[in-house]
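Read through the structure below, which is laid out as structure tokens, and then see the notes.
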Amino acid sequence: MAAAITERLHGDLARDGFSVDAVAARTRQDWDWACCFGKDALELCLNIEGRGEIRAAGRGAMFLPGTAGLYFQREAPLCGTRHAEERHLFVTVRWARPFIERTLGRQGGGLVPAARAWLTGRSATSAVGHVRDLSAAEHVLALHLRRPPLCEQALPIWYRAKVLELAANFLFVPPPAPETATTFDLADIARQAMSILAENPASPPPLHELARRVGASPFHLSRLFSKHVGMTMPKFIRKLRVERAAELLSSGSCNVTEAALDVGYSSLSHFSKAFCEVMGCCPCLYPSAHPRRKA
């Protein structure tokens, strides 16, 4: 069984043509992930933490931390499994066919195979597409989808723009890399560092150890991280800690002091200040202001 919490972040398939959801779960045994899948919508999973697998028509795809991939479900259900004894955190974006047709047209020109098969209706069966690594910017976007860094009045415009950005990034076949491009992607260093920090934000490795693990100098890593992630490492760690504390508070499994200690704060005042800066309200008010629904 899994203690899972699903949060509707924005949108409604019937009304808006898209929806964005976040799922957080802790598994004691393998979890039937398929309970989170929709039907007839094209879905993109931005997998932040935990390992999962989707199988369809004899083809399987593994979602590791820091990866993303497309899939869709028709009459024949998809099979999905989340691994036991892990913390899982992922964001799911769903598109309805009318929305994609209005935005991209009906022919599917330039689309990746999974998106083209879904849009044109050439595949009557469920399918899962290629899974790839998230770039550093996409990883940050996945985190921001859960906690947007702007006022509530701007959210409808912001979410629509980000959903279209994700469609551009994941629904189309990427162009061939220019011959002058190197295989050494500096943004990948920042992405690796983000993944390592997300493993245990309550007790992150010191800068010199993190730099050694990603193969960069501490100074170089700090500059690359700020450039590609858009925030310093201390701010990124604080964001991860506070968001994890917010999940604990929403689930009702911890009080404020317990949540602060769980995410690595020894000072309740420092925790409350950080929480207010990231979430916009004090931790004691957060559960009532942001109710969650059980999956």
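Each chain of the structure tokens is named A, B, ... in the order shown, its residues numbered from 1; ligands are numbered from 1 in display order.
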
Exercise: Leu221 of chain A partners within 10 Å, only C-alpha atoms, chain neighbours under 2 positions left out, as a short mmCIF file (atom, residue, chain, number, x, y, z; two decimals) with C-alpha atoms, in the first residue's frame:
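Result went into selection_16.cif, see below:
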```cif
data_model
loop_
_atom_site.label_atom_id
_atom_site.label_comp_id
_atom_site.auth_asym_id
_atom_site.auth_seq_id
_atom_site.Cartn_x
_atom_site.Cartn_y
_atom_site.Cartn_z
CA LEU A 186 27.28 22.05 -18.72
CA ILE A 189 26.24 19.14 -14.23
CA ALA A 190 23.62 21.37 -12.63
CA ALA A 193 23.65 18.34 -8.58
CA LEU A 207 29.77 21.78 -1.52
CA HIS A 208 33.18 20.16 -1.96
CA LEU A 210 28.87 17.58 -4.21
CA ALA A 211 31.39 19.10 -6.61
CA ARG A 212 33.50 15.94 -6.49
CA VAL A 214 29.51 15.76 -10.37
CA GLY A 215 33.10 16.27 -11.57
CA ALA A 216 33.48 20.03 -11.16
CA SER A 217 35.27 22.44 -8.88
CA PRO A 218 33.21 23.97 -6.07
CA PHE A 219 33.51 27.44 -7.59
CA ARG A 223 28.32 29.37 -10.91
CA LEU A 224 26.83 26.69 -13.15
CA PHE A 225 24.08 25.93 -10.65
CA SER A 226 23.01 29.57 -10.31
CA LYS A 227 23.09 30.07 -14.09
CA MET A 233 22.19 26.13 -4.03
#
```

Counting only C-alpha atoms, the residue of A:Pro65, A:Ala245, A:Phe275, A:Phe90 that sits nearest Val263 of chain A: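 Smallest separation from Val263 of chain A among the options: A:Ala245.
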
Point-to-point distance in Å for atom CA of His139 of chain A and atom CA of Asp32 of chain A: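 Spanning atom CA of Asp32 of chain A to atom CA of His139 of chain A is a straight-line distance of 24.7 Å.
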
Strand (DSSP E) per DSSP on the backbone: members of segment 76-289 of chain A, as JSON, numbers by chain: {"A": [79, 80, 81, 82, 87, 88, 89, 90, 91, 92, 93, 94, 95, 127, 128, 129, 130, 131, 132, 133]}

Since we have the selection now, will you write its residues out, keeping N, CA and C atoms, as an mmCIF file, in the first residue's frame?
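Result file selection02.cif:
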```cif
data_model
loop_
_atom_site.group_PDB
_atom_site.id
_atom_site.type_symbol
_atom_site.label_atom_id
_atom_site.label_comp_id
_atom_site.auth_asym_id
_atom_site.auth_seq_id
_atom_site.Cartn_x
_atom_site.Cartn_y
_atom_site.Cartn_z
ATOM 1 N N CYS A 79 -0.274 -0.717 -17.586
ATOM 2 C CA CYS A 79 0.206 -1.287 -16.328
ATOM 3 C C CYS A 79 1.278 -0.358 -15.772
ATOM 4 N N GLY A 80 1.117 0.075 -14.556
ATOM 5 C CA GLY A 80 2.086 0.975 -13.947
ATOM 6 C C GLY A 80 2.436 0.533 -12.540
ATOM 7 N N THR A 81 3.720 0.581 -12.211
ATOM 8 C CA THR A 81 4.189 0.162 -10.890
ATOM 9 C C THR A 81 5.170 1.182 -10.350
ATOM 10 N N ARG A 82 5.019 1.527 -9.096
ATOM 11 C CA ARG A 82 5.986 2.359 -8.368
ATOM 12 C C ARG A 82 6.714 1.465 -7.369
ATOM 13 N N ARG A 87 10.248 7.155 -1.610
ATOM 14 C CA ARG A 87 9.410 8.350 -1.631
ATOM 15 C C ARG A 87 9.238 8.751 -3.092
ATOM 16 N N HIS A 88 7.992 8.941 -3.510
ATOM 17 C CA HIS A 88 7.698 9.270 -4.898
ATOM 18 C C HIS A 88 7.098 10.670 -4.973
ATOM 19 N N LEU A 89 7.567 11.433 -5.935
ATOM 20 C CA LEU A 89 7.055 12.775 -6.170
ATOM 21 C C LEU A 89 7.098 13.030 -7.671
ATOM 22 N N PHE A 90 5.945 13.305 -8.263
ATOM 23 C CA PHE A 90 5.913 13.566 -9.693
ATOM 24 C C PHE A 90 4.759 14.499 -10.035
ATOM 25 N N VAL A 91 4.910 15.174 -11.171
ATOM 26 C CA VAL A 91 3.879 16.070 -11.691
ATOM 27 C C VAL A 91 3.375 15.486 -13.003
ATOM 28 N N THR A 92 2.051 15.425 -13.166
ATOM 29 C CA THR A 92 1.441 14.902 -14.383
ATOM 30 C C THR A 92 0.701 16.022 -15.107
ATOM 31 N N VAL A 93 1.044 16.212 -16.381
ATOM 32 C CA VAL A 93 0.344 17.167 -17.244
ATOM 33 C C VAL A 93 -0.495 16.364 -18.229
ATOM 34 N N ARG A 94 -1.775 16.698 -18.348
ATOM 35 C CA ARG A 94 -2.667 16.019 -19.287
ATOM 36 C C ARG A 94 -3.187 17.019 -20.315
ATOM 37 N N TRP A 95 -3.225 16.566 -21.578
ATOM 38 C CA TRP A 95 -3.790 17.370 -22.658
ATOM 39 C C TRP A 95 -5.001 16.663 -23.249
ATOM 40 N N ALA A 127 -0.383 3.276 -25.080
ATOM 41 C CA ALA A 127 1.024 3.298 -25.473
ATOM 42 C C ALA A 127 1.833 4.157 -24.518
ATOM 43 N N VAL A 128 3.120 3.867 -24.439
ATOM 44 C CA VAL A 128 4.070 4.663 -23.671
ATOM 45 C C VAL A 128 5.229 5.017 -24.584
ATOM 46 N N GLY A 129 5.676 6.267 -24.510
ATOM 47 C CA GLY A 129 6.731 6.737 -25.393
ATOM 48 C C GLY A 129 8.095 6.692 -24.744
ATOM 49 N N HIS A 130 9.023 7.376 -25.395
ATOM 50 C CA HIS A 130 10.404 7.428 -24.924
ATOM 51 C C HIS A 130 10.493 8.261 -23.646
ATOM 52 N N VAL A 131 11.299 7.797 -22.696
ATOM 53 C CA VAL A 131 11.559 8.530 -21.456
ATOM 54 C C VAL A 131 12.952 9.134 -21.542
ATOM 55 N N ARG A 132 13.060 10.418 -21.229
ATOM 56 C CA ARG A 132 14.366 11.079 -21.298
ATOM 57 C C ARG A 132 14.640 11.865 -20.025
ATOM 58 N N ASP A 133 15.910 12.263 -19.859
ATOM 59 C CA ASP A 133 16.297 13.055 -18.701
ATOM 60 C C ASP A 133 15.690 14.455 -18.781
#
```

Counting only C-alpha atoms, the option among A:Arg116, A:Arg8, A:His228, A:Arg55 closest to Pro77 of chain A: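 Result for the nearest residue to Pro77 of chain A: A:Arg55.
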
Selection: 8 Å around Val163 of chain A, only C-alpha atoms, excl. self and same-chain fewer than 4 positions, as a PyMOL selection string: chain A and resi 18+93+159+167

Take the residues from that selection and put them in a file with C-alpha atoms, as a short mmCIF file (atom, residue, chain, number, x, y, z; two decimals), in the first residue's frame.
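Saved to again_6.cif:
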```cif
data_model
loop_
_atom_site.label_atom_id
_atom_site.label_comp_id
_atom_site.auth_asym_id
_atom_site.auth_seq_id
_atom_site.Cartn_x
_atom_site.Cartn_y
_atom_site.Cartn_z
CA PHE A 18 -5.41 20.58 -19.93
CA VAL A 93 0.34 17.17 -17.24
CA TYR A 159 0.03 27.69 -16.13
CA ALA A 167 4.19 20.69 -25.21
#
```

All residues 12 Å or closer to Ala34 of chain A, only C-alpha atoms, same chain fewer than 3 positions away omitted, as a ChimeraX atom specification: /A:30-31,37-39,52-56,71-73,76-82,295

Residues near Pro287 of chain A, cut-off 8 Å, only C-alpha atoms, skip fewer than 4 positions along chain, as a PyMOL selection string: chain A and resi 246+249-250+252+283+291

Give me a file of those residues, with C-alpha atoms, as an mmCIF file, in the first residue's frame.
```
data_model
loop_
_atom_site.group_PDB
_atom_site.id
_atom_site.type_symbol
_atom_site.label_atom_id
_atom_site.label_comp_id
_atom_site.auth_asym_id
_atom_site.auth_seq_id
_atom_site.Cartn_x
_atom_site.Cartn_y
_atom_site.Cartn_z
ATOM 1 C CA ALA A 246 4.481 21.437 3.513
ATOM 2 C CA LEU A 249 1.884 19.278 7.359
ATOM 3 C CA SER A 250 -0.806 18.761 4.715
ATOM 4 C CA GLY A 252 -1.526 15.586 9.046
ATOM 5 C CA PRO A 283 3.463 26.792 8.737
ATOM 6 C CA PRO A 291 -6.181 21.204 1.896
#
```

DSSP-assigned alpha helix (DSSP H) members of segment 37-274 of chain A, reported as a PyMOL selection string: chain A and resi 97-104+113-120+136-146+155-170+186-199+207-214+218-229+233-251+256-262+268-274

Residue among A:Arg74, A:Arg146, A:Arg28, A:His83 lying closest to Leu46 of chain A, counting only C-alpha atoms: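 With only C-alpha atoms as the atom set, the closest residue is A:Arg146.
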
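Taking atom CA of Gly17 of chain A and atom CA of Phe99 of chain A as the two end points, the separation is 4.9 Å.
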
Residue with smallest distance to Glu49 of chain A - pool A:Asp21, A:Ala114, A:Met194, A:Ser126, counting only C-alpha atoms: A:Met194
